[in-house]
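S.K.: Just so it is clear, I am handing over run_16.pdb, which has PDB, N, CA and C atoms.
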```pdb
ATOM      1  N   MET A   9      -1.022 -17.948  -1.503
ATOM      2  CA  MET A   9      -0.392 -17.174  -0.439
ATOM      3  C   MET A   9      -1.225 -17.317   0.826
ATOM      4  N   ASN A  10      -0.579 -17.509   1.926
ATOM      5  CA  ASN A  10      -1.240 -17.639   3.210
ATOM      6  C   ASN A  10      -1.406 -16.238   3.799
ATOM      7  N   CYS A  11      -2.621 -15.713   3.759
ATOM      8  CA  CYS A  11      -2.845 -14.331   4.186
ATOM      9  C   CYS A  11      -2.457 -14.062   5.639
ATOM     10  N   PRO A  12      -2.807 -14.954   6.604
ATOM     11  CA  PRO A  12      -2.377 -14.661   7.974
ATOM     12  C   PRO A  12      -0.861 -14.521   8.080
ATOM     13  N   LEU A  13      -0.114 -15.347   7.352
ATOM     14  CA  LEU A  13       1.336 -15.229   7.371
ATOM     15  C   LEU A  13       1.764 -13.909   6.759
ATOM     16  N   ALA A  14       1.139 -13.531   5.668
ATOM     17  CA  ALA A  14       1.485 -12.258   5.024
ATOM     18  C   ALA A  14       1.208 -11.087   5.957
ATOM     19  N   PHE A  15       0.070 -11.135   6.684
ATOM     20  CA  PHE A  15      -0.222 -10.079   7.645
ATOM     21  C   PHE A  15       0.874  -9.989   8.695
ATOM     22  N   MET A  16       1.344 -11.132   9.170
ATOM     23  CA  MET A  16       2.401 -11.124  10.181
ATOM     24  C   MET A  16       3.707 -10.592   9.614
ATOM     25  N   GLN A  17       4.014 -10.938   8.355
ATOM     26  CA  GLN A  17       5.233 -10.422   7.727
ATOM     27  C   GLN A  17       5.187  -8.900   7.674
ATOM     28  N   ILE A  18       4.055  -8.373   7.251
ATOM     29  CA  ILE A  18       3.921  -6.922   7.159
ATOM     30  C   ILE A  18       3.956  -6.298   8.548
ATOM     31  N   ALA A  19       3.300  -6.915   9.508
ATOM     32  CA  ALA A  19       3.290  -6.382  10.870
ATOM     33  C   ALA A  19       4.705  -6.310  11.434
ATOM     34  N   CYS A  20       5.509  -7.321  11.168
ATOM     35  CA  CYS A  20       6.891  -7.314  11.652
ATOM     36  C   CYS A  20       7.706  -6.206  10.983
ATOM     37  N   MET A  21       7.474  -5.999   9.678
ATOM     38  CA  MET A  21       8.212  -4.960   8.954
ATOM     39  C   MET A  21       7.809  -3.569   9.419
ATOM     40  N   PHE A  22       6.541  -3.423   9.848
ATOM     41  CA  PHE A  22       6.007  -2.110  10.132
ATOM     42  C   PHE A  22       5.793  -1.821  11.596
ATOM     43  N   GLY A  23       6.415  -2.583  12.460
ATOM     44  CA  GLY A  23       6.274  -2.332  13.887
ATOM     45  C   GLY A  23       6.420  -0.869  14.273
ATOM     46  N   PRO A  24       7.450  -0.160  13.757
ATOM     47  CA  PRO A  24       7.617   1.249  14.136
ATOM     48  C   PRO A  24       6.484   2.157  13.657
ATOM     49  N   PHE A  25       5.767   1.772  12.596
ATOM     50  CA  PHE A  25       4.715   2.619  12.054
ATOM     51  C   PHE A  25       3.349   2.319  12.660
ATOM     52  N   LEU A  26       3.228   1.231  13.375
ATOM     53  CA  LEU A  26       1.936   0.804  13.891
ATOM     54  C   LEU A  26       1.767   1.250  15.331
ATOM     55  N   SER A  27       0.508   1.511  15.715
ATOM     56  CA  SER A  27       0.253   1.956  17.086
ATOM     57  C   SER A  27       0.638   0.891  18.100
ATOM     58  N   GLU A  28       0.422  -0.370  17.751
ATOM     59  CA  GLU A  28       0.849  -1.476  18.595
ATOM     60  C   GLU A  28       1.781  -2.351  17.774
ATOM     61  N   PRO A  29       3.092  -2.321  18.073
ATOM     62  CA  PRO A  29       4.016  -3.136  17.293
ATOM     63  C   PRO A  29       3.584  -4.595  17.242
ATOM     64  N   ARG A  30       3.862  -5.230  16.099
ATOM     65  CA  ARG A  30       3.566  -6.632  15.840
ATOM     66  C   ARG A  30       2.063  -6.890  15.731
ATOM     67  N   SER A  31       1.289  -5.819  15.526
ATOM     68  CA  SER A  31      -0.125  -5.986  15.232
ATOM     69  C   SER A  31      -0.380  -5.326  13.886
ATOM     70  N   MET A  32      -1.361  -5.829  13.177
ATOM     71  CA  MET A  32      -1.644  -5.276  11.866
ATOM     72  C   MET A  32      -3.112  -4.952  11.789
ATOM     73  N   ASN A  33      -3.411  -3.732  11.414
ATOM     74  CA  ASN A  33      -4.779  -3.311  11.220
ATOM     75  C   ASN A  33      -5.129  -3.533   9.752
ATOM     76  N   PRO A  34      -6.007  -4.482   9.446
ATOM     77  CA  PRO A  34      -6.360  -4.747   8.045
ATOM     78  C   PRO A  34      -6.938  -3.525   7.337
ATOM     79  N   GLU A  35      -7.467  -2.575   8.098
ATOM     80  CA  GLU A  35      -8.011  -1.361   7.479
ATOM     81  C   GLU A  35      -6.935  -0.571   6.751
ATOM     82  N   LEU A  36      -5.673  -0.704   7.168
ATOM     83  CA  LEU A  36      -4.590  -0.031   6.446
ATOM     84  C   LEU A  36      -4.488  -0.563   5.025
ATOM     85  N   LEU A  37      -4.688  -1.860   4.855
ATOM     86  CA  LEU A  37      -4.630  -2.444   3.517
ATOM     87  C   LEU A  37      -5.810  -1.976   2.679
ATOM     88  N   VAL A  38      -6.971  -1.829   3.302
ATOM     89  CA  VAL A  38      -8.143  -1.317   2.584
ATOM     90  C   VAL A  38      -7.865   0.107   2.109
ATOM     91  N   LEU A  39      -7.226   0.906   2.941
ATOM     92  CA  LEU A  39      -6.911   2.277   2.544
ATOM     93  C   LEU A  39      -6.002   2.311   1.315
ATOM     94  N   LEU A  40      -5.115   1.338   1.178
ATOM     95  CA  LEU A  40      -4.228   1.318   0.011
ATOM     96  C   LEU A  40      -5.002   1.185  -1.291
ATOM     97  N   VAL A  41      -6.120   0.473  -1.265
ATOM     98  CA  VAL A  41      -6.892   0.247  -2.495
ATOM     99  C   VAL A  41      -8.075   1.206  -2.635
ATOM    100  N   THR A  42      -8.235   2.132  -1.683
ATOM    101  CA  THR A  42      -9.332   3.100  -1.772
ATOM    102  C   THR A  42      -8.873   4.550  -1.703
ATOM    103  N   ARG A  43      -7.703   4.809  -1.165
ATOM    104  CA  ARG A  43      -7.211   6.181  -0.990
ATOM    105  C   ARG A  43      -6.393   6.601  -2.196
ATOM    106  N   GLU A  44      -6.627   7.812  -2.667
ATOM    107  CA  GLU A  44      -5.895   8.339  -3.814
ATOM    108  C   GLU A  44      -4.734   9.216  -3.358
ATOM    109  N   MET A  45      -3.715   9.271  -4.181
ATOM    110  CA  MET A  45      -2.568  10.147  -3.935
ATOM    111  C   MET A  45      -3.063  11.592  -4.074
ATOM    112  N   PRO A  46      -2.859  12.425  -3.046
ATOM    113  CA  PRO A  46      -3.440  13.767  -3.069
ATOM    114  C   PRO A  46      -2.634  14.824  -3.816
ATOM    115  N   PHE A  47      -1.411  14.509  -4.219
ATOM    116  CA  PHE A  47      -0.580  15.524  -4.869
ATOM    117  C   PHE A  47       0.443  14.866  -5.779
ATOM    118  N   GLY A  48       1.141  15.698  -6.534
ATOM    119  CA  GLY A  48       2.274  15.238  -7.330
ATOM    120  C   GLY A  48       1.904  14.657  -8.682
ATOM    121  N   LYS A  49       2.898  14.066  -9.300
ATOM    122  CA  LYS A  49       2.776  13.510 -10.641
ATOM    123  C   LYS A  49       1.648  12.486 -10.738
ATOM    124  N   TYR A  50       1.423  11.732  -9.677
ATOM    125  CA  TYR A  50       0.418  10.669  -9.678
ATOM    126  C   TYR A  50      -0.818  11.045  -8.873
ATOM    127  N   GLN A  51      -1.096  12.341  -8.771
ATOM    128  CA  GLN A  51      -2.282  12.806  -8.061
ATOM    129  C   GLN A  51      -3.526  12.140  -8.637
ATOM    130  N   GLY A  52      -4.395  11.637  -7.753
ATOM    131  CA  GLY A  52      -5.635  10.993  -8.168
ATOM    132  C   GLY A  52      -5.513   9.494  -8.385
ATOM    133  N   ARG A  53      -4.293   8.955  -8.388
ATOM    134  CA  ARG A  53      -4.107   7.514  -8.571
ATOM    135  C   ARG A  53      -4.181   6.829  -7.202
ATOM    136  N   LEU A  54      -4.791   5.646  -7.172
ATOM    137  CA  LEU A  54      -4.850   4.895  -5.917
ATOM    138  C   LEU A  54      -3.435   4.607  -5.425
ATOM    139  N   ILE A  55      -3.250   4.645  -4.122
ATOM    140  CA  ILE A  55      -1.925   4.391  -3.556
ATOM    141  C   ILE A  55      -1.428   3.008  -3.962
ATOM    142  N   ALA A  56      -2.322   2.031  -4.038
ATOM    143  CA  ALA A  56      -1.931   0.676  -4.445
ATOM    144  C   ALA A  56      -1.471   0.628  -5.900
ATOM    145  N   ASP A  57      -1.796   1.645  -6.681
ATOM    146  CA  ASP A  57      -1.432   1.675  -8.095
ATOM    147  C   ASP A  57      -0.222   2.547  -8.392
ATOM    148  N   LEU A  58       0.405   3.087  -7.365
ATOM    149  CA  LEU A  58       1.591   3.916  -7.601
ATOM    150  C   LEU A  58       2.745   3.038  -8.081
ATOM    151  N   PRO A  59       3.518   3.525  -9.050
ATOM    152  CA  PRO A  59       4.643   2.731  -9.557
ATOM    153  C   PRO A  59       5.718   2.519  -8.495
ATOM    154  N   GLY A  60       6.376   1.382  -8.584
ATOM    155  CA  GLY A  60       7.433   1.044  -7.632
ATOM    156  C   GLY A  60       8.541   2.075  -7.571
ATOM    157  N   HIS A  61       8.910   2.634  -8.732
ATOM    158  CA  HIS A  61      10.010   3.619  -8.735
ATOM    159  C   HIS A  61       9.626   4.883  -7.966
ATOM    160  N   TYR A  62       8.341   5.243  -7.996
ATOM    161  CA  TYR A  62       7.865   6.416  -7.256
ATOM    162  C   TYR A  62       7.895   6.143  -5.754
ATOM    163  N   LEU A  63       7.459   4.958  -5.358
ATOM    164  CA  LEU A  63       7.505   4.573  -3.949
ATOM    165  C   LEU A  63       8.954   4.502  -3.458
ATOM    166  N   ALA A  64       9.849   3.984  -4.300
ATOM    167  CA  ALA A  64      11.268   3.901  -3.931
ATOM    168  C   ALA A  64      11.867   5.295  -3.781
ATOM    169  N   TRP A  65      11.427   6.225  -4.613
ATOM    170  CA  TRP A  65      11.911   7.607  -4.494
ATOM    171  C   TRP A  65      11.541   8.174  -3.126
ATOM    172  N   PHE A  66      10.297   7.962  -2.698
ATOM    173  CA  PHE A  66       9.888   8.417  -1.368
ATOM    174  C   PHE A  66      10.718   7.737  -0.287
ATOM    175  N   ALA A  67      11.003   6.457  -0.467
ATOM    176  CA  ALA A  67      11.800   5.735   0.531
ATOM    177  C   ALA A  67      13.189   6.364   0.665
ATOM    178  N   ARG A  68      13.743   6.799  -0.445
ATOM    179  CA  ARG A  68      15.074   7.443  -0.412
ATOM    180  C   ARG A  68      15.011   8.866   0.134
ATOM    181  N   GLN A  69      14.003   9.626  -0.284
ATOM    182  CA  GLN A  69      13.911  11.041   0.067
ATOM    183  C   GLN A  69      13.248  11.288   1.418
ATOM    184  N   GLY A  70      12.434  10.332   1.841
ATOM    185  CA  GLY A  70      11.680  10.480   3.083
ATOM    186  C   GLY A  70      10.195  10.532   2.789
ATOM    187  N   PHE A  71       9.435   9.731   3.517
ATOM    188  CA  PHE A  71       7.987   9.713   3.341
ATOM    189  C   PHE A  71       7.379  10.932   4.022
ATOM    190  N   PRO A  72       6.250  11.417   3.509
ATOM    191  CA  PRO A  72       5.573  12.531   4.187
ATOM    192  C   PRO A  72       5.170  12.124   5.607
ATOM    193  N   LYS A  73       4.942  13.102   6.424
ATOM    194  CA  LYS A  73       4.494  12.848   7.798
ATOM    195  C   LYS A  73       3.033  12.398   7.795
ATOM    196  N   GLY A  74       2.639  11.752   8.846
ATOM    197  CA  GLY A  74       1.244  11.413   9.055
ATOM    198  C   GLY A  74       0.798  10.145   8.361
ATOM    199  N   GLU A  75      -0.524  10.033   8.227
ATOM    200  CA  GLU A  75      -1.134   8.826   7.687
ATOM    201  C   GLU A  75      -0.669   8.547   6.257
ATOM    202  N   LEU A  76      -0.595   9.584   5.424
ATOM    203  CA  LEU A  76      -0.179   9.382   4.036
ATOM    204  C   LEU A  76       1.218   8.769   3.980
ATOM    205  N   GLY A  77       2.140   9.272   4.763
ATOM    206  CA  GLY A  77       3.491   8.727   4.780
ATOM    207  C   GLY A  77       3.510   7.270   5.206
ATOM    208  N   GLY A  78       2.700   6.930   6.204
ATOM    209  CA  GLY A  78       2.613   5.544   6.641
ATOM    210  C   GLY A  78       2.058   4.631   5.559
ATOM    211  N   LEU A  79       1.047   5.124   4.828
ATOM    212  CA  LEU A  79       0.462   4.327   3.746
ATOM    213  C   LEU A  79       1.454   4.147   2.602
ATOM    214  N   LEU A  80       2.181   5.206   2.266
ATOM    215  CA  LEU A  80       3.186   5.095   1.201
ATOM    216  C   LEU A  80       4.303   4.136   1.610
ATOM    217  N   ALA A  81       4.723   4.204   2.866
ATOM    218  CA  ALA A  81       5.760   3.294   3.355
ATOM    219  C   ALA A  81       5.264   1.845   3.331
ATOM    220  N   LEU A  82       4.023   1.645   3.734
ATOM    221  CA  LEU A  82       3.437   0.307   3.707
ATOM    222  C   LEU A  82       3.374  -0.220   2.279
ATOM    223  N   MET A  83       2.919   0.613   1.338
ATOM    224  CA  MET A  83       2.826   0.174  -0.054
ATOM    225  C   MET A  83       4.207  -0.103  -0.623
ATOM    226  N   HIS A  84       5.198   0.689  -0.239
ATOM    227  CA  HIS A  84       6.571   0.445  -0.695
ATOM    228  C   HIS A  84       7.044  -0.928  -0.234
ATOM    229  N   GLU A  85       6.802  -1.268   1.016
ATOM    230  CA  GLU A  85       7.233  -2.570   1.532
ATOM    231  C   GLU A  85       6.490  -3.710   0.850
ATOM    232  N   ILE A  86       5.206  -3.545   0.641
ATOM    233  CA  ILE A  86       4.434  -4.576  -0.056
ATOM    234  C   ILE A  86       4.992  -4.779  -1.455
ATOM    235  N   ASP A  87       5.207  -3.686  -2.173
ATOM    236  CA  ASP A  87       5.739  -3.755  -3.536
ATOM    237  C   ASP A  87       7.145  -4.349  -3.551
ATOM    238  N   HIS A  88       8.000  -3.838  -2.705
ATOM    239  CA  HIS A  88       9.405  -4.247  -2.673
ATOM    240  C   HIS A  88       9.575  -5.730  -2.325
ATOM    241  N   ASN A  89       8.691  -6.237  -1.484
ATOM    242  CA  ASN A  89       8.779  -7.634  -1.041
ATOM    243  C   ASN A  89       7.882  -8.584  -1.823
ATOM    244  N   GLY A  90       7.307  -8.096  -2.911
ATOM    245  CA  GLY A  90       6.516  -8.959  -3.779
ATOM    246  C   GLY A  90       5.237  -9.485  -3.151
ATOM    247  N   LEU A  91       4.625  -8.688  -2.279
ATOM    248  CA  LEU A  91       3.410  -9.124  -1.590
ATOM    249  C   LEU A  91       2.150  -8.495  -2.183
ATOM    250  N   GLY A  92       2.226  -8.040  -3.419
ATOM    251  CA  GLY A  92       1.101  -7.374  -4.054
ATOM    252  C   GLY A  92      -0.149  -8.225  -4.155
ATOM    253  N   GLU A  93       0.015  -9.539  -4.221
ATOM    254  CA  GLU A  93      -1.150 -10.429  -4.299
ATOM    255  C   GLU A  93      -2.043 -10.289  -3.072
ATOM    256  N   LEU A  94      -1.500  -9.814  -1.990
ATOM    257  CA  LEU A  94      -2.268  -9.596  -0.770
ATOM    258  C   LEU A  94      -3.416  -8.620  -0.999
ATOM    259  N   LEU A  95      -3.258  -7.700  -1.946
ATOM    260  CA  LEU A  95      -4.263  -6.672  -2.192
ATOM    261  C   LEU A  95      -5.352  -7.090  -3.181
ATOM    262  N   VAL A  96      -5.147  -8.188  -3.903
ATOM    263  CA  VAL A  96      -6.105  -8.603  -4.935
ATOM    264  C   VAL A  96      -7.515  -8.803  -4.376
ATOM    265  N   PRO A  97      -7.700  -9.558  -3.284
ATOM    266  CA  PRO A  97      -9.071  -9.729  -2.761
ATOM    267  C   PRO A  97      -9.686  -8.405  -2.309
ATOM    268  N   LEU A  98      -8.871  -7.506  -1.779
ATOM    269  CA  LEU A  98      -9.378  -6.208  -1.332
ATOM    270  C   LEU A  98      -9.799  -5.357  -2.519
ATOM    271  N   ARG A  99      -9.034  -5.425  -3.596
ATOM    272  CA  ARG A  99      -9.403  -4.679  -4.818
ATOM    273  C   ARG A  99     -10.756  -5.147  -5.325
ATOM    274  N   LYS A 100     -10.952  -6.465  -5.351
ATOM    275  CA  LYS A 100     -12.224  -7.023  -5.838
ATOM    276  C   LYS A 100     -13.373  -6.623  -4.914
ATOM    277  N   LYS A 101     -13.147  -6.726  -3.626
ATOM    278  CA  LYS A 101     -14.193  -6.426  -2.652
ATOM    279  C   LYS A 101     -14.618  -4.961  -2.716
ATOM    280  N   HIS A 102     -13.674  -4.059  -2.899
ATOM    281  CA  HIS A 102     -13.959  -2.629  -2.851
ATOM    282  C   HIS A 102     -14.188  -2.016  -4.226
ATOM    283  N   ALA A 103     -14.111  -2.813  -5.277
ATOM    284  CA  ALA A 103     -14.357  -2.302  -6.624
ATOM    285  C   ALA A 103     -15.809  -1.900  -6.798
ATOM    286  N   GLY A 104     -16.721  -2.592  -6.147
ATOM    287  CA  GLY A 104     -18.142  -2.301  -6.280
ATOM    288  C   GLY A 104     -18.618  -1.173  -5.384
ATOM    289  N   ALA A 105     -17.728  -0.581  -4.635
ATOM    290  CA  ALA A 105     -18.111   0.469  -3.695
ATOM    291  C   ALA A 105     -18.068   1.848  -4.342
ATOM    292  N   GLY A 106     -18.165   1.881  -5.680
ATOM    293  CA  GLY A 106     -18.135   3.163  -6.372
ATOM    294  C   GLY A 106     -16.729   3.665  -6.613
ATOM    295  N   LEU A 107     -15.739   2.849  -6.309
ATOM    296  CA  LEU A 107     -14.350   3.230  -6.521
ATOM    297  C   LEU A 107     -13.828   2.471  -7.725
ATOM    298  N   PRO A 108     -13.522   3.157  -8.809
ATOM    299  CA  PRO A 108     -13.068   2.440 -10.002
ATOM    300  C   PRO A 108     -11.732   1.766  -9.771
ATOM    301  N   LEU A 109     -11.585   0.567 -10.315
ATOM    302  CA  LEU A 109     -10.283  -0.086 -10.303
ATOM    303  C   LEU A 109      -9.422   0.597 -11.332
ATOM    304  N   ARG A 110      -8.247   0.958 -10.948
ATOM    305  CA  ARG A 110      -7.328   1.592 -11.873
ATOM    306  C   ARG A 110      -6.546   0.511 -12.581
ATOM    307  N   GLY A 111      -6.044   0.811 -13.756
ATOM    308  CA  GLY A 111      -5.286  -0.169 -14.525
ATOM    309  C   GLY A 111      -4.032  -0.596 -13.808
ATOM    310  N   GLY A 112      -3.757  -1.874 -13.831
ATOM    311  CA  GLY A 112      -2.527  -2.407 -13.236
ATOM    312  C   GLY A 112      -2.570  -2.430 -11.737
ATOM    313  N   SER A 113      -1.546  -2.998 -11.172
ATOM    314  CA  SER A 113      -1.485  -3.130  -9.714
ATOM    315  C   SER A 113      -0.477  -2.170  -9.106
ATOM    316  N   GLY A 114       0.236  -1.416  -9.942
ATOM    317  CA  GLY A 114       1.298  -0.574  -9.412
ATOM    318  C   GLY A 114       2.543  -1.389  -9.136
ATOM    319  N   LEU A 115       2.532  -2.658  -9.558
ATOM    320  CA  LEU A 115       3.648  -3.543  -9.254
ATOM    321  C   LEU A 115       4.375  -3.973 -10.522
ATOM    322  N   GLY A 116       4.222  -3.206 -11.571
ATOM    323  CA  GLY A 116       4.827  -3.553 -12.858
ATOM    324  C   GLY A 116       6.315  -3.305 -12.892
ATOM    325  N   PRO A 117       6.912  -3.321 -14.077
ATOM    326  CA  PRO A 117       8.354  -3.122 -14.215
ATOM    327  C   PRO A 117       8.783  -1.782 -13.663
ATOM    328  N   ARG A 118       9.979  -1.771 -13.166
ATOM    329  CA  ARG A 118      10.504  -0.531 -12.561
ATOM    330  C   ARG A 118      11.443   0.145 -13.485
TER     331      ARG A 118
END
```
Take the structure in the file and write it out as structure tokens.
M.R.:
Amino acid sequence: MNCPLAFMQIACMFGPFLSEPRSMNPELLVLLVTREMPFGKYQGRLIADLPGHYLAWFARQGFPKGELGGLLALMHEIDHNGLGELLVPLRKKHAGAGLPLRGGSGLGPR
């Protein structure tokens, strides 16, 4: 996978959610593999590890306001468009930072 192309694909999809449309802050991707879901059935699970059906439910019902909603929307688009491989290098890089890797990628069967 060509990462610069993947970044541009995500930037185009997320123009409305980004401070500068058509730009992508790589730190948002880092947050997906380091930030945990703060509430609900999957509380404590990394956002990158949330199941696709849960992300799709938020997409239908409405994402929460603020940063969490933006991260959930971003993860939904990554999952829905099969771009999960984009997170693999970030998972490896941030695994040694005291953040345990959770089982699976959150991109399994729906």
S.K.: Please report the interatomic distance between atom CA of Glu93 of chain A and atom CA of Glu35 of chain A in Å with one decimal.
M.R.: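 We find that atom CA of Glu93 of chain A and atom CA of Glu35 of chain A lie 16.4 Å from each other.
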S.K.: Smallest atom-to-atom distance to Gly60 of chain A: which of A:Leu37, A:His84, A:Lys100, A:Glu75, using all atoms listed in the file?
M.R.: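 Using all atoms listed in the file, the shortest distance to Gly60 of chain A belongs to A:His84.
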S.K.: Measuring atom to atom with only N, CA and C atoms, identify which of A:His88, A:Leu36, A:Ile55, A:Ala81 is nearest to Ala67 of chain A.
M.R.: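 Closest candidate: A:Ala81.
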S.K.: For a test of reading the model, state the distance in Å between atom N of Phe66 of chain A and atom N of Lys49 of chain A, rounded to one decimal.
M.R.: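 Atom-to-atom, atom N of Phe66 of chain A to atom N of Lys49 of chain A, that is 11.6 Å.
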S.K.: Just give me the gap between atom CA of Leu54 of chain A and atom CA of Gln69 of chain A in Å, one decimal is fine.
M.R.: 20.6 Å
S.K.: Within 5 Å of Arg53 of chain A, counting only N, CA and C atoms, which residues show up once you throw out same-chain ones fewer than 3 positions away? Write them as a PyMOL selection string, please.
M.R.: chain A and resi 44-45+50
S.K.: Using only C-alpha atoms, pick whichever of A:Leu79, A:Trp65, A:Leu98, A:Asp87 has the shortest atom-to-atom distance to Arg43 of chain A.
M.R.: A:Leu79
